[in-house]
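In what follows, a structure is listed as C-alpha cells, so that the remarks can point back to it.
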Amino acid sequence: MASTRRIAAATIAALVGMTPLGAGGADAAATPGKGRDPVVIVSATFNDELLAPINYARMSDNLRNDGYEPFVFALPGGGLTDIEPTADELDEFVEQVRSDTGADRVDLVGHSQGGIVGRYYIRSLGGDAVVDAMISLGAPHYGSELADALSMGGMWDCMYFATCRQATTTSPFLRELNEPDDTWGDIDYTNITTTADQLIVPYRNALLRSQDGRNENVVVQDQCPLSLVDHAHLGDDDLVYGGVEDALAGRAVTLAC
C-alpha cells in the first residue's frame with residue numbers, strides 16, 4: 001500500500017510538471033523509449049511523500065524528455081528512521097515499478113541518503129539481480145564528519161535520528177556495506193559529488209573507493225571549476241543531470257560547463 005501511494009504521488013508530479021525552487025522544466029515531453037530501463041529516483045532525507053515528487057520534478061522532467069520513464073521513491077517518514085526497513089520498502093517499490101512497466105531491470109538514482117538506501121538494497125535485498133546502474137549524488141558512502149559532530153552523546157545525540165548514526169564515519173552499518181568491496185554486483189556505479197557540499201564532510205566521502213572499471217567517481221568542480229552547486233541542489237541541477245544522463249546511457253560522464 002505504501003509503495004502504491006508513492007508511485008501515485010510520482011505519477012501526479014509527472015502529470016502536473018511541478019518544478020522545485022522556482023526553476024522551469026523542459027518544454028517538450030518525449031515518449032519513454034522502449035528497451036530503456038525505468039529510472040527510480042531515491043530521494044534524500046526529509047523528502048517524504050509530499051515533498052519528494054515536488055523536489056525531484058525537474059529531474060523527472062529531464063529524464064522523461066530524454067526518453068526515460070521516471071519514478072520517485074519518497075523515503076518513509078522523510079528518512080529519519082533506520083535505513084534497513086527503508087530499503088525493504090524500496091524493494092517493494094521497485095517490484096511494483098517492474099510489474100507496472102513490464103521491465104526486467106531498473107536504474108537507480110540516489111540523492112544523499114537515497115544513494116545509501118539504494119546500495120543496501122542492491123547488496124542485501126537482492127537488488128543486484130534487477131539493477132543495471134546505481135548513480136549516487138552526494139551520498140555519504142563513507143559517512144560525514146557532520147554526523148560525527150551530531151553524535152557526540154547526551155540528550156541531543158543525533159537528535160534521535162537513526163540515519164544520522166548510520167551516517168557517521170565510524171558507522172558499523174557503513175563498514176559492513178563497504179566491505180569487502182563497495183561496488184557490489186554486476187552493476188555500473190557512478191558517484192557525483194561537489195566541493196561545495198556542506199553536509200557530506202569531507203565531500204570525497206561521497207565517492208566509492210573501488211578501482212573496478214564499472215565505478216566512476218565525478219567531482220563536479222574537476223570539470224566545471226566555477227560551479228557552485230551544493231548538496232541540496234545535486235538533485236535538480238541541470239549540469240549534474242547531464243552527468244546522470246551520461247551514466248544512464250553508459251557513457252563516461254562529461255559535464256557541459
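Naming works like this for the C-alpha cells: A, B, ... for the chains as they're shown, residue 1 at the start of each chain, ligands 1 onward in shown order.
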Would you give me, as CSV, each residue of stretch 52-94 of chain A having an atom within 12 Å of an atom of stretch 117-124 of chain A, along with its shortest atom pair and that distance in Å to one decimal, using only C-alpha atoms and sorting by chain and residue number?
```
residue,atom,partner,partner_atom,distance
A:Phe73,CA,A:Gly118,CA,10.5
A:Ala74,CA,A:Val117,CA,11.3
A:Leu75,CA,A:Val117,CA,9.1
A:Pro76,CA,A:Val117,CA,11.5
A:Gly79,CA,A:Val117,CA,9.6
A:Thr81,CA,A:Val117,CA,11.7
A:Asp82,CA,A:Val117,CA,10.0
A:Ile83,CA,A:Val117,CA,6.2
A:Glu84,CA,A:Tyr120,CA,7.4
A:Pro85,CA,A:Val117,CA,9.5
A:Thr86,CA,A:Val117,CA,7.0
A:Ala87,CA,A:Tyr121,CA,5.4
A:Asp88,CA,A:Tyr121,CA,7.3
A:Glu89,CA,A:Tyr121,CA,9.5
A:Leu90,CA,A:Tyr121,CA,7.3
A:Asp91,CA,A:Tyr121,CA,6.7
A:Glu92,CA,A:Tyr121,CA,10.5
A:Phe93,CA,A:Tyr121,CA,11.3
A:Val94,CA,A:Tyr121,CA,10.1
```
(request) Would you please extract all alpha helix (DSSP H) residues from stretch 34-153 of chain A, as assigned by DSSP on the backbone, and give them as a ChimeraX atom specification? (result) /A:52-55,57-65,83-101,113-124,145-150
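Residue nearest A:Gly235, chosen from A:Gly78, A:Gly67, A:Gly138, A:Gly102 and counting only C-alpha atoms: A:Gly138.
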(message) With only C-alpha atoms as the counted atoms, please give the residues lying no more than 6 Å from stretch 188-190 of chain A, apart from itself and same-chain residues fewer than 2 positions off, as a PyMOL selection string.
(response) chain A and resi 133-135+214-217
(request) Could you please write out, as an NGL selection string, every residue of stretch 152-239 of chain A that DSSP assigns to strand (DSSP E)? (result) :A and (188-193 or 215-219)
Written file, previous selection with N, CA and C atoms, as a short mmCIF file (atom, residue, chain, number, x, y, z; two decimals), in the first residue's frame:
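Wrote out-v8.cif, looks like this:
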```cif
data_model
loop_
_atom_site.label_atom_id
_atom_site.label_comp_id
_atom_site.auth_asym_id
_atom_site.auth_seq_id
_atom_site.Cartn_x
_atom_site.Cartn_y
_atom_site.Cartn_z
N ASP A 188 26.81 -1.00 -12.99
CA ASP A 188 27.60 0.20 -13.28
C ASP A 188 27.32 1.25 -12.20
N TYR A 189 28.37 1.64 -11.49
CA TYR A 189 28.24 2.64 -10.42
C TYR A 189 28.80 3.97 -10.90
N THR A 190 28.07 5.05 -10.63
CA THR A 190 28.56 6.41 -10.88
C THR A 190 28.25 7.23 -9.64
N ASN A 191 29.24 7.98 -9.18
CA ASN A 191 29.10 8.77 -7.95
C ASN A 191 29.50 10.20 -8.25
N ILE A 192 28.56 11.12 -8.08
CA ILE A 192 28.79 12.53 -8.39
C ILE A 192 28.74 13.33 -7.09
N THR A 193 29.76 14.15 -6.87
CA THR A 193 29.82 14.97 -5.68
C THR A 193 30.28 16.38 -6.04
N ASN A 215 33.10 1.48 -11.94
CA ASN A 215 32.86 2.53 -10.95
C ASN A 215 33.49 3.82 -11.44
N GLU A 216 32.67 4.86 -11.57
CA GLU A 216 33.19 6.18 -12.00
C GLU A 216 32.87 7.21 -10.93
N ASN A 217 33.90 7.91 -10.47
CA ASN A 217 33.77 8.98 -9.50
C ASN A 217 33.90 10.33 -10.20
N VAL A 218 32.99 11.23 -9.91
CA VAL A 218 32.98 12.54 -10.58
C VAL A 218 32.84 13.64 -9.54
N VAL A 219 33.82 14.54 -9.49
CA VAL A 219 33.70 15.76 -8.70
C VAL A 219 33.36 16.88 -9.67
#
```
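The interatomic distance for the pair atom CA of A:Asp181 and atom CA of A:Asp246 works out to 24.2 Å.
Shortest atom-to-atom contact with A:Gly110 among A:Gly185, A:Gly126, A:Pro180, A:Pro140: A:Pro140, counting only C-alpha atoms.
Taking atom CA of A:Leu228 and atom CA of A:Thr194 as the two end points, the separation is 8.2 Å.
Of the listed residues (A:Asp230, A:Asp66, A:Asp148, A:Asp107), A:Asp107 comes nearest to A:Val42; the distances count only C-alpha atoms.
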(message) If we count only C-alpha atoms and set the cut-off at 7 Å, which residues sit around A:Asp37, ignoring sequence neighbours fewer than 6 positions away in its own chain? Please answer as a PyMOL selection string.
(response) chain A and resi 103+105-107
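Counting only C-alpha atoms and comparing A:Asp100, A:Phe161, A:Val240, A:Ala256, the residue that lies closest to A:Ser136 is A:Val240.
Atom CA of A:Asp222 to atom CA of A:Leu255 spans 9.8 Å [interatomic distance, one decimal].
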